[in-house]
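Engineer: Sending over a structure as structure tokens; questions will come in a sec.
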Amino acid sequence: MLSKGLKRKREEEEEKAALAVDAWWLDPGHPDVAQAAPAVASSSLFDLSVLKLHHSLRQSEPDLRHLVLVVNTLRRIQASMAPAAALPPVPSPPAAAGAADSLLASSDAALSASMASLLEDLSHIEGLSQAPQPLADEGPLGRPTGGAPPSLGALDLLGPATGCLLDDGLEGLFEDIDTSMYDSELWAPASEGFKPGPVEGPGKEEAPELDEAELDYLMDVLVGKQALERPPGPGR
Amino acid sequence: MVLQSSKRHYRVWNHRRLGPWCSPTGSPAPLSCETGCGEGSWILVCRLLVPTQVSLLSMEEDIDTRKINNSFLRDHSYATEADIISTVEFNHTGELLATGDKGGRVVIFQREQESKNQIHRRGEYNVYSTFQSHEPEFDYLKSLEIEEKINKIRWLPQQNAAYFLLSTNDKTVKLWKVSERDKRPEGYNLKDEEGRLRDPSTITTLRVPVLRPMDLMVEATPRRVFANAHTYHINSISVNSDYETYMSADDLRINLWNFEITNQSFNIVDIKPANMEELTEVITAAEFHPHHCNTFVYSSSKGTIRLCDMRASALCDRHTKFFEEPEDPSNRSFFSEIISSISDVKFSHSGRYIMTRDYLTVKVWDLNMENRPIETYQVHDYLRSKLCSLYENDCIFDKFECVWNGSDSVIMTGSYNNFFRMFDRNTKRDVTLEASRENSKPRAILKPRKVCVGGKRRKDEISVDSLDFSKKILHTAWHPSENIIAVAATNNLYIFQDKVN
């Protein structure tokens with residue numbers, strides 16, 4: 001606030017007006033921007049929103065309202081950017097995106113751990129008896145106990161276990177876990193091994209029935225070397 | 001988080017009167033009938049500062065000696081973050097005013113009683129009681145710290161000599177009893193005057209203990225603790241008109257409690273989706289109807305209000321009425337949803353209307369019309385072109401509250417730069433006032449403020465770019481029957497009164 005008696009110079013006012021005009025393209029609220037350069041405006045806003053989402057998720061107990069509003073805003077931005085080719089993992093301007101990416105890469109482990117705990121809290125607080133499923137190493141597979149996997153979806157930043165947030169675009173953030181994983185042949189032999197029969201041993205005794213190749217694949221997925229192959233479905 | 005363990009003392013800085021005292025009329029005086037909304041008829045009654053780390057002057061000494069340490073009061077550095085006021089609420093008679101702060105403390109102010117000798121002091125509020133309502137807690141299961149910040153205080157109507165209020169932090173609601181003690185028993189047989197047990201063999205006579213007057217002592221005791229019912233953060237509590245139940249609302253659920261029962265509550269609203277990935281909307285505020293104990297409303301982050309009738313079903317997931325205004329296509333932006341998120345919802349005293357506050361406007365809705373509000377007031381429309389910056393610095397997520405006056409003719413809400421706004425629903429006039437030490441002379445009439453939106457800035461106007469966005473008025477309260485308002489600005493509580501000619 002200006003103190004009493006201090007007059008603002010006319011030139012200052014004009015300068016400030018000019019500066020304000022220069023930055024108008026960044027403000028999607030400006031009527032002209034909507035028609036002019038939505039892609040440019042959106043990408044910087046997109047980065048900002050992604051950063052906000054990260055920051056929000058990093059809280060020990062995120063503000064759900066803030067989180068939901070940021071996610072919904074991200075959805076809007078993504079919807080407006082959709083016409084511009086497939087969503088690149090490094091959206092322009094490169095500088096901002098680079099910063100965002102390095103931020104993502106370096107904080108991924110911590111982020112995934114914190115997010116895993118967040119999601120567990122959100123989903124399991126009602127006393128569901130699913131065991132904790134750390135995502136950092138195993139990817140979204142975890143153990144196929146119980147029915148539905150932990151609710152990741154909108155709050156799932158990991159996507160395929162490659163460490164890059166935007167590999168399959170924002171769509172990946174909002175789609176279901178492909179539960180066909182749990183119906184796959186990898187696991188079928190183990191369960192089939194539990195057929196009522198003379199030997200009702202624990203699962204380990206049935207393990208040798210798994211193909212070696214299948215075991216290898218499974219191990220690779222578990223240690224994150226193998227990208228999960230999920231069909232990129234339409235956004236929810 | 002550092003626990004504030006220092007003792008707190010409160011100072012009242014009473015401005016000296018410059019003119020003759022004008023006592024307010026008994027009945028609520030709408031601004032339109034008196035000096036008018038736009039003519040600056042509000043005066044500062046007192047400013048109450050809530051400091052820590054102070055010298056040990058007690059309240060009684062202050063009143064007696066009128067010694068105010070001016071240099072101390074001017075120094076902001078004494079105030080800590082724990083002193084930031086997070087809620088303000090008058091009780092049903094307006095005699096008491098409660099504040100809660102980030103440090104988990106509740107301070108109750110009482111209105112100065114009218115007396116022949118000091119008639120000019122009526123209308124001032126002095127500290128009545130202070131207590132630590134909530135402490136920081138640690139949730140071991142989730143390894144999370146639970147903030148002690150008081151989110152809301154709600155008074156119960158007075159039914160006996162004691163006062164009762166509900167205070168809540170993010171997870172736990174507590175019922176506090178505030179009572180006065182001005183007598184104490186003396187003359188026990190088995191105890192001496194210091195309370196030590198006497199040797200029974202020394203007792204040779206029996207006497208009847210008598211009650212003798214003592215210095216007034218106000219004590220606050222927690223009568224009920226309603227815990228472990230909320231997974232998410234509690235944003236609202238509301239006492240039902242039956243005075244037997246109340247509700248508490250968090251981001252996804254609303255629970256109904258009976259005051260007598262602390263180990264269970266009824267879940268009456270649950271908007272948690274089966275898959276959290278489908279979560280797109282949260283509950284932002286909730287309130288019971290002032291007269292119909294079966295009716296309540298809750299608002300959402302998408303700018304909708306749902307009115308529910310508890311008679312319809314046990315779980316009120318299906319609303320009876322749904323209030324939503326269609327989006328204005330010309331104002332559409334990426335931030336449309338964020339600015340439509342409702343931060344506060346309040347029934348009018350009459351129960352006919354509800355008022356909602358979103359980021360840029362205050363809206364009044366008629367309960368009988370769901371498709372649009374009957375009135376919309378622009379609080380600070382000049383911010384509409386700044387939404388991007390406000391999104392960047394997170395100000396766009398600020399949650400402002402709104403209040404009705406006693407007769408439902410004027411509504412008030414806060415803004416930035418320590419500004420707050422009043423809208424007269426009858427005359428359609430509005431005024432912007434400022435709660436600030438620099439601009440408040442004792443008993444002088446508050447000057448209306450104006451924000452310059454463009455073009456030539458007149459003298460005394462403030463340009464949008466000069467606004468201080470760190471000074472936000474989120475919490476205000478209006479006396480239930482008189483034109484007295486309480487405005488919380490960080491750690492300062494301002495009390496203003498309408499000067500009636």
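Naming scheme: A, B, ... for chains in displayed order of the structure tokens; residues 1 onward per chain; ligands 1 onward as shown.
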Excluding segment 41-46 of chain B and residues on its chain fewer than 6 positions from it, collect all residues at most 6 Å away from it, counting only C-alpha atoms, and give them as an NGL selection string.
Structural biologist: :B and (14 or 443-446 or 495-499)
Engineer: Determine, using only C-alpha atoms, which residues of chain B have any atom at most 9 Å from an atom of chain A, and tabulate each with its shortest atom pair and distance in Å to one decimal place, rows ordered by chain and then rising number, as CSV.
Structural biologist:
residue,atom,partner,partner_atom,distance
B:Lys142,CA,A:Asp121,CA,7.4
B:Ser143,CA,A:Ser60,CA,8.2
B:Leu144,CA,A:Ser60,CA,6.3
B:Glu145,CA,A:Ser60,CA,8.2
B:Ile146,CA,A:Glu61,CA,9.0
B:Thr231,CA,A:Ile125,CA,7.3
B:Tyr232,CA,A:Leu64,CA,8.0
B:His233,CA,A:Asp63,CA,8.0
B:Asp251,CA,A:Leu64,CA,6.9
B:Ala274,CA,A:Ser151,CA,8.5
B:Asn275,CA,A:Ser151,CA,5.5
B:Met276,CA,A:Ser151,CA,5.5
B:Glu277,CA,A:Gly153,CA,4.2
B:Glu278,CA,A:Ala154,CA,7.1
B:Leu279,CA,A:Val68,CA,7.2
B:Thr280,CA,A:Val68,CA,5.8
B:Glu281,CA,A:Val68,CA,6.7
B:Val282,CA,A:Arg65,CA,6.1
B:Ile283,CA,A:Arg65,CA,8.2
B:Thr284,CA,A:Arg65,CA,7.8
B:Ser301,CA,A:Arg65,CA,7.0
B:Lys302,CA,A:Leu69,CA,8.7
B:Ser330,CA,A:Pro31,CA,8.3
B:Asn331,CA,A:Gly29,CA,7.6
B:Arg332,CA,A:Gly29,CA,7.4
B:Ser333,CA,A:Gly29,CA,5.2
B:Phe334,CA,A:Thr73,CA,6.2
B:Phe335,CA,A:Thr73,CA,6.8
B:Ser336,CA,A:Thr73,CA,8.7
B:Glu337,CA,A:Leu69,CA,7.4
B:Ile338,CA,A:Leu69,CA,6.0
B:Ser341,CA,A:Leu69,CA,8.6
B:Arg384,CA,A:Gly29,CA,7.4
B:Ser385,CA,A:Gly29,CA,6.1
B:Lys386,CA,A:Asp27,CA,7.5
B:Leu387,CA,A:Gly29,CA,7.0
B:Cys388,CA,A:Asp27,CA,5.6
B:Ser389,CA,A:Asp27,CA,8.2
B:Glu392,CA,A:Leu48,CA,7.3
B:Phe397,CA,A:His66,CA,7.1
B:Asn417,CA,A:Met1,CA,8.7
B:Gly454,CA,A:Ala17,CA,8.9
B:Gly455,CA,A:Glu13,CA,8.8
B:Lys456,CA,A:Glu13,CA,8.8
B:Arg457,CA,A:Arg8,CA,8.7
B:Lys459,CA,A:Lys7,CA,8.4
B:Asp460,CA,A:Lys4,CA,8.1
B:Ile462,CA,A:Met1,CA,7.2
B:Ser463,CA,A:Met1,CA,8.5
B:Asp465,CA,A:Met1,CA,8.9
B:Ser466,CA,A:Met1,CA,5.2
B:Leu467,CA,A:Met1,CA,6.5
B:Asp468,CA,A:Met1,CA,7.3
Engineer: Output C-alpha atoms for every residue in that selection, as a compact mmCIF listing (two decimals), in the first residue's frame.
Structural biologist:
# COMPACT_ATOMS: atom_id res chain seq x y z
CA LYS B 142 -0.70 -43.25 10.04
CA SER B 143 2.38 -41.45 11.31
CA LEU B 144 0.61 -38.16 10.98
CA GLU B 145 0.50 -35.13 13.13
CA ILE B 146 -2.96 -33.79 13.80
CA THR B 231 -11.12 -39.94 8.51
CA TYR B 232 -10.83 -36.65 6.71
CA HIS B 233 -10.57 -33.08 7.93
CA ASP B 251 -14.38 -33.63 3.18
CA ALA B 274 -15.89 -46.77 -4.14
CA ASN B 275 -12.81 -45.97 -6.15
CA MET B 276 -10.95 -42.94 -4.93
CA GLU B 277 -9.88 -42.32 -8.50
CA GLU B 278 -13.44 -41.27 -9.18
CA LEU B 279 -13.25 -38.54 -6.56
CA THR B 280 -14.01 -35.20 -8.13
CA GLU B 281 -15.94 -33.37 -5.47
CA VAL B 282 -15.64 -32.80 -1.72
CA ILE B 283 -17.89 -31.36 0.96
CA THR B 284 -16.84 -27.86 1.92
CA SER B 301 -16.16 -27.85 -4.16
CA LYS B 302 -18.08 -27.77 -7.44
CA SER B 330 -18.45 -15.79 -21.19
CA ASN B 331 -16.56 -16.18 -17.93
CA ARG B 332 -15.33 -19.67 -18.56
CA SER B 333 -11.68 -20.36 -17.79
CA PHE B 334 -9.46 -23.11 -16.49
CA PHE B 335 -10.19 -21.79 -13.03
CA SER B 336 -13.96 -21.82 -13.30
CA GLU B 337 -14.32 -24.76 -11.01
CA ILE B 338 -11.89 -23.52 -8.40
CA SER B 341 -15.96 -23.88 -4.99
CA ARG B 384 -11.04 -12.05 -12.08
CA SER B 385 -8.25 -11.02 -14.42
CA LYS B 386 -5.63 -12.08 -11.89
CA LEU B 387 -6.75 -15.64 -11.39
CA CYS B 388 -3.60 -17.09 -12.89
CA SER B 389 -1.35 -15.32 -10.39
CA GLU B 392 0.16 -19.66 -8.62
CA PHE B 397 -7.82 -21.61 -2.57
CA ASN B 417 -5.65 -6.20 2.20
CA GLY B 454 -7.94 0.77 -14.00
CA GLY B 455 -7.43 4.16 -15.47
CA LYS B 456 -6.72 7.05 -13.26
CA ARG B 457 -6.36 6.28 -9.62
CA LYS B 459 -6.61 9.94 -4.12
CA ASP B 460 -7.37 7.45 -1.33
CA ILE B 462 -5.86 1.66 -3.84
CA SER B 463 -4.80 0.00 -7.04
CA ASP B 465 -1.53 -4.27 -7.69
CA SER B 466 -0.95 -2.65 -4.32
CA LEU B 467 -3.23 -5.01 -2.48
CA ASP B 468 -1.58 -7.10 0.17
Engineer: When you look at segment 378-382 of chain B with a cut-off of 10 Å (counting only C-alpha atoms), what residues show up, excluding the ones that are within fewer than 4 positions of it in the same chain? I need them as a PyMOL selection string.
Structural biologist: chain B and resi 357-363+386-387+412-416+420-423+430+432+451-454+463-464
Engineer: Limited to C-alpha atoms, could you put the picked residues into a file as a CSV table (one decimal), in the first residue's frame?
Structural biologist:
chain,number,residue,atom,x,y,z
B,357,ARG,CA,-19.5,-17.7,-0.6
B,358,ASP,CA,-17.3,-18.6,-3.4
B,359,TYR,CA,-14.0,-17.1,-4.4
B,360,LEU,CA,-15.3,-13.9,-6.1
B,361,THR,CA,-18.9,-13.6,-5.0
B,362,VAL,CA,-21.5,-14.0,-2.3
B,363,LYS,CA,-24.9,-15.5,-3.4
B,386,LYS,CA,-5.6,-12.1,-11.9
B,387,LEU,CA,-6.7,-15.6,-11.4
B,412,MET,CA,-20.8,-9.3,5.2
B,413,THR,CA,-17.7,-11.1,4.0
B,414,GLY,CA,-13.9,-10.6,4.0
B,415,SER,CA,-11.4,-9.9,1.3
B,416,TYR,CA,-7.7,-9.1,0.9
B,420,PHE,CA,-14.1,-6.6,4.4
B,421,ARG,CA,-17.4,-5.9,2.6
B,422,MET,CA,-21.0,-5.3,3.5
B,423,PHE,CA,-23.9,-5.6,1.2
B,430,ASP,CA,-22.3,-1.8,-0.5
B,432,THR,CA,-15.7,-1.7,1.8
B,451,VAL,CA,-10.1,-0.3,-5.1
B,452,CYS,CA,-9.1,1.3,-8.4
B,453,VAL,CA,-9.5,-1.1,-11.2
B,454,GLY,CA,-7.9,0.8,-14.0
B,463,SER,CA,-4.8,0.0,-7.0
B,464,VAL,CA,-5.3,-3.7,-7.4
Engineer: Could you list, as a list in words, every residue within 12 Å of Lys191 of chain B, counting only C-alpha atoms and ignoring same-chain residues fewer than 5 positions away?
Structural biologist: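 Skipping anything fewer than 5 positions along the chain leaves Pro185, Glu186, Arg196, Leu197, Arg198, Asp199, Pro200, Thr202, Ile203, Arg207 and Pro209 of chain B.
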Engineer: Could you write those residues out with N, CA and C atoms, as a PDB file, in the first residue's frame?
Structural biologist:
ATOM      1  N   PRO B 185     -16.728 -23.000  49.440  1.00  0.00           N
ATOM      2  CA  PRO B 185     -17.087 -23.505  50.771  1.00  0.00           C
ATOM      3  C   PRO B 185     -15.915 -23.350  51.736  1.00  0.00           C
ATOM      4  N   GLU B 186     -16.255 -22.942  52.919  1.00  0.00           N
ATOM      5  CA  GLU B 186     -15.231 -22.841  53.959  1.00  0.00           C
ATOM      6  C   GLU B 186     -15.713 -23.531  55.212  1.00  0.00           C
ATOM      7  N   ARG B 196      -5.337 -29.529  53.375  1.00  0.00           N
ATOM      8  CA  ARG B 196      -4.651 -30.714  53.912  1.00  0.00           C
ATOM      9  C   ARG B 196      -5.596 -31.445  54.872  1.00  0.00           C
ATOM     10  N   LEU B 197      -5.460 -32.750  54.845  1.00  0.00           N
ATOM     11  CA  LEU B 197      -6.308 -33.562  55.726  1.00  0.00           C
ATOM     12  C   LEU B 197      -5.892 -33.359  57.186  1.00  0.00           C
ATOM     13  N   ARG B 198      -6.904 -33.251  57.973  1.00  0.00           N
ATOM     14  CA  ARG B 198      -6.617 -33.114  59.404  1.00  0.00           C
ATOM     15  C   ARG B 198      -6.595 -34.489  60.065  1.00  0.00           C
ATOM     16  N   ASP B 199      -5.834 -34.575  61.075  1.00  0.00           N
ATOM     17  CA  ASP B 199      -5.781 -35.802  61.855  1.00  0.00           C
ATOM     18  C   ASP B 199      -7.108 -35.960  62.593  1.00  0.00           C
ATOM     19  N   PRO B 200      -7.831 -37.025  62.291  1.00  0.00           N
ATOM     20  CA  PRO B 200      -9.172 -37.160  62.881  1.00  0.00           C
ATOM     21  C   PRO B 200      -9.163 -37.074  64.411  1.00  0.00           C
ATOM     22  N   THR B 202      -7.723 -35.045  66.170  1.00  0.00           N
ATOM     23  CA  THR B 202      -7.677 -33.661  66.653  1.00  0.00           C
ATOM     24  C   THR B 202      -9.030 -32.973  66.515  1.00  0.00           C
ATOM     25  N   ILE B 203      -9.939 -33.663  65.861  1.00  0.00           N
ATOM     26  CA  ILE B 203     -11.246 -33.020  65.641  1.00  0.00           C
ATOM     27  C   ILE B 203     -12.118 -33.254  66.858  1.00  0.00           C
ATOM     28  N   ARG B 207     -18.675 -28.723  62.660  1.00  0.00           N
ATOM     29  CA  ARG B 207     -19.251 -27.471  62.176  1.00  0.00           C
ATOM     30  C   ARG B 207     -19.806 -27.701  60.778  1.00  0.00           C
ATOM     31  N   PRO B 209     -19.984 -26.500  57.038  1.00  0.00           N
ATOM     32  CA  PRO B 209     -19.284 -25.605  56.096  1.00  0.00           C
ATOM     33  C   PRO B 209     -20.246 -24.578  55.524  1.00  0.00           C
TER      34      PRO B 209
END
Engineer: Write out as a list of chain:residue names the residues lying within 10 Å of Pro326 of chain B, counting only C-alpha atoms and excluding same-chain residues fewer than 2 positions away.
Structural biologist: B:Gly303, B:Phe323, B:Glu324, B:Asp328, B:Pro329, B:Asn371, B:Arg372
Engineer: Produce a file of the selected residues containing N, CA, C and O atoms, as a tab-separated table (two decimals), in the first residue's frame.
Structural biologist:
chain	number	residue	atom	x	y	z
B	303	GLY	N	-19.34	-26.01	-6.37
B	303	GLY	CA	-20.27	-24.89	-6.38
B	303	GLY	C	-21.72	-25.29	-6.27
B	303	GLY	O	-22.60	-24.52	-6.66
B	323	PHE	N	-29.08	-27.15	-5.47
B	323	PHE	CA	-28.94	-25.76	-5.91
B	323	PHE	C	-27.65	-25.62	-6.70
B	323	PHE	O	-26.57	-25.92	-6.21
B	324	GLU	N	-27.80	-25.16	-7.92
B	324	GLU	CA	-26.61	-24.92	-8.75
B	324	GLU	C	-26.93	-23.88	-9.79
B	324	GLU	O	-27.98	-23.93	-10.43
B	328	ASP	N	-21.52	-19.41	-16.46
B	328	ASP	CA	-21.60	-18.33	-17.43
B	328	ASP	C	-20.56	-18.58	-18.52
B	328	ASP	O	-19.36	-18.51	-18.26
B	329	PRO	N	-20.98	-18.85	-19.74
B	329	PRO	CA	-20.01	-19.22	-20.78
B	329	PRO	C	-18.99	-18.12	-21.07
B	329	PRO	O	-17.86	-18.41	-21.45
B	371	ASN	N	-32.58	-23.31	-9.31
B	371	ASN	CA	-31.78	-23.22	-10.53
B	371	ASN	C	-30.86	-22.01	-10.57
B	371	ASN	O	-29.96	-21.95	-11.40
B	372	ARG	N	-31.08	-21.04	-9.69
B	372	ARG	CA	-30.14	-19.94	-9.65
B	372	ARG	C	-30.34	-19.14	-8.37
B	372	ARG	O	-31.40	-19.19	-7.77
Engineer: Could you state the separation of atom CA of Ile84 of chain B and atom CA of Ile396 of chain B in Å, given to one decimal place?
Structural biologist: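 Going from atom CA of Ile84 of chain B over to atom CA of Ile396 of chain B covers 19.7 Å.
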Engineer: Can you measure atom CA of Ile150 of chain B to atom CA of Ala435 of chain B for me? One decimal in Å is fine.
Structural biologist: 22.1 Å
Engineer: In segment 347-444 of chain B, what's alpha helix (DSSP H) per DSSP? Answer as a PyMOL selection string?
Structural biologist: chain B and resi 387-392
